[in-house]
Amino acid sequence: MESISKYLKKSVIKRKLLANQLAGCLKLNVSNQAAFEIAAMSGTDAIWLCREHVPGDWDIVERSSVVAKLYDCDLIVRVEKGSYSDLIKPLELDATGIMVPHVRSGEEAANIVRNTRFYPLGMRAWDGGNADGKFCAIGSDEYMRYSNSEKLVIVQIENPEGVDAIEDICSVDGIDMIFFGPGDLSQAYGIPGQINHPEVAAARKKVADCAKKHGRFLGTITTPDIIRDVVAEGYRFLNIGADVHALRETYGRAVRDLASLGVPTA
C-alpha cells in the first residue's frame with residue numbers, strides 16, 4: 001500500500017517562522033465552512049477559529065481542517081479552558097495547532113505541555129485513530145514524532161500575571177509560541193482598548209524580549225498603526241484581519257455608495 005506519511009501536513013507557520021519570515025493569520029467569528037474556505041482562498045498562511053468566545057461546534061472544526069489542507073493553510077483553534085480533552089480534540093481533528101487563552105504561570109504552561117505533547121515532552125492521552133494519526137495508518141512512533149514537531153502549542157499572554165510570569169512560561173519546553181493579547185491586557189491595566197498605550201507597549205516588548213531569549217516564536221494581533229513596531233520587536237505571526245470587520249466594512253461601503261447616488265429627478 002502507498003505510504004500515508006506523505007499526507008502528513010507540514011505547518012506553513014512553522015516553516016515561515018523558522019526562516020524568520022512573516023506569517024499572516026485571519027480570524028473568523030463566523031462559524032461557517034464557506035466563510036473558512038473564502039478566507040483560505042485568499043492565500044493567508046493561517047486561519048484562527050475561536051472556541052473561547054464563539055459558539056462553533058466541533059463539526060465546523062473538523063470540516064475546516066479538511067479545507068485548510070486543501071489550500072495548504074494552517075488551522076489554529078483557540079480552545080476553551082476546560083479539561084485536557086478540550087486541548088487535544090482540535091489536534092486530533094488535524095488542526096495545525098491550538099491557542100490557549102489567559103495563561104498566567106509557568107505551572108499552567110507546563111500542565112498544557114503535559115496534556116498536549118507526547119512522550120518525552122508530555123503525557124498526552126493517546127488515541128491515534130483520528131485524522132491527525134491518519135486513522136491508525138501510521139505507526140505510533142511516527143505519529144508521536146509528527147505531532148510533537150508539527151503541531152503548534154501557542155499560549156496567550158493577556159493578563160498582568162502572565163506578563164509577570166513570562167520568564168517561567170517561556171522556560172517551558174514544548175511551548176512553540178507566545179501570543180501577546182493586548183485587548184484584555186489593556187482592560188486589566190485600566191485603559192480598555194488602548195492597545196498601543198505605553199503601558200501595554202512596554203508589556204509587549206517585555207514579552208518579546210523574553211520569548212526571543214528562550215527561542216519561542218512570537219505572535220500578536222496588529223493594526224496598520226502598530227504593525228511596524230511589533231515587527232521590529234520580533235513578532236512574526238501576525239493576525240492581520242477578521243471576518244466581522246471585513247463584512248461590516250464591505251456592507252457599510254455598499255450602502256454608502258448607493259446612498260451617495262441620490263434619487264434621480266424626473
# chains A, B, ... in the order shown; residues from 1 in each chain; ligands from 1
>>> residues_around(residues="region 115-123 of chain A", least_positions_apart="3", cutoff="8 Å", atoms="only C-alpha atoms", output="PyMOL selection string")
chain A and resi 84+87-88+111-112+126+144+147-148+153+173-174
>>> write_last_selection(atoms="C-alpha atoms", output="JSON list (two decimals), in the first residue's frame")
[["chain", "number", "residue", "atom", "x", "y", "z"],
["A", 84, "TYR", "CA", -7.48, 18.01, 28.67],
["A", 87, "LEU", "CA", -6.99, 20.87, 24.41],
["A", 88, "ILE", "CA", -6.34, 17.75, 22.34],
["A", 111, "ASN", "CA", 0.45, 21.46, 32.51],
["A", 112, "ILE", "CA", -0.61, 22.42, 28.98],
["A", 126, "TRP", "CA", -3.07, 8.71, 23.10],
["A", 144, "MET", "CA", 4.12, 10.97, 18.08],
["A", 147, "SER", "CA", 2.62, 15.60, 16.47],
["A", 148, "ASN", "CA", 5.40, 16.82, 18.75],
["A", 153, "VAL", "CA", 1.10, 24.82, 21.04],
["A", 173, "ASP", "CA", 9.87, 23.13, 26.73],
["A", 174, "GLY", "CA", 7.05, 22.18, 24.37]]
>>> select_by_dssp(residues="region 12-189 of chain A", states="helix (DSSP H, G or I)", output="number ranges by chain")
A: 12-18, 33-41, 58-70, 84-92, 106-116, 131-136, 140-150, 160-164, 166-170, 182-188
>>> closest_residue(among="A:Ile191, A:Ile13, A:Ala125, A:Ile166", to="Lys206 (chain A)", atoms="only C-alpha atoms")
A:Ile166
>>> closest_atom_pairs(of="region 115-197 of chain A", to="region 61-78 of chain A", cutoff="9 Å", atoms="only C-alpha atoms", output="CSV")
residue,atom,partner,partner_atom,distance
A:Ala131,CA,A:Glu62,CA,9.0
A:Leu152,CA,A:Ile76,CA,8.3
A:Ile154,CA,A:Arg78,CA,8.9
>>> atom_distance(atom1="CA of Ile138 (chain A)", atom2="CA of Ser5 (chain A)")
6.8 Å
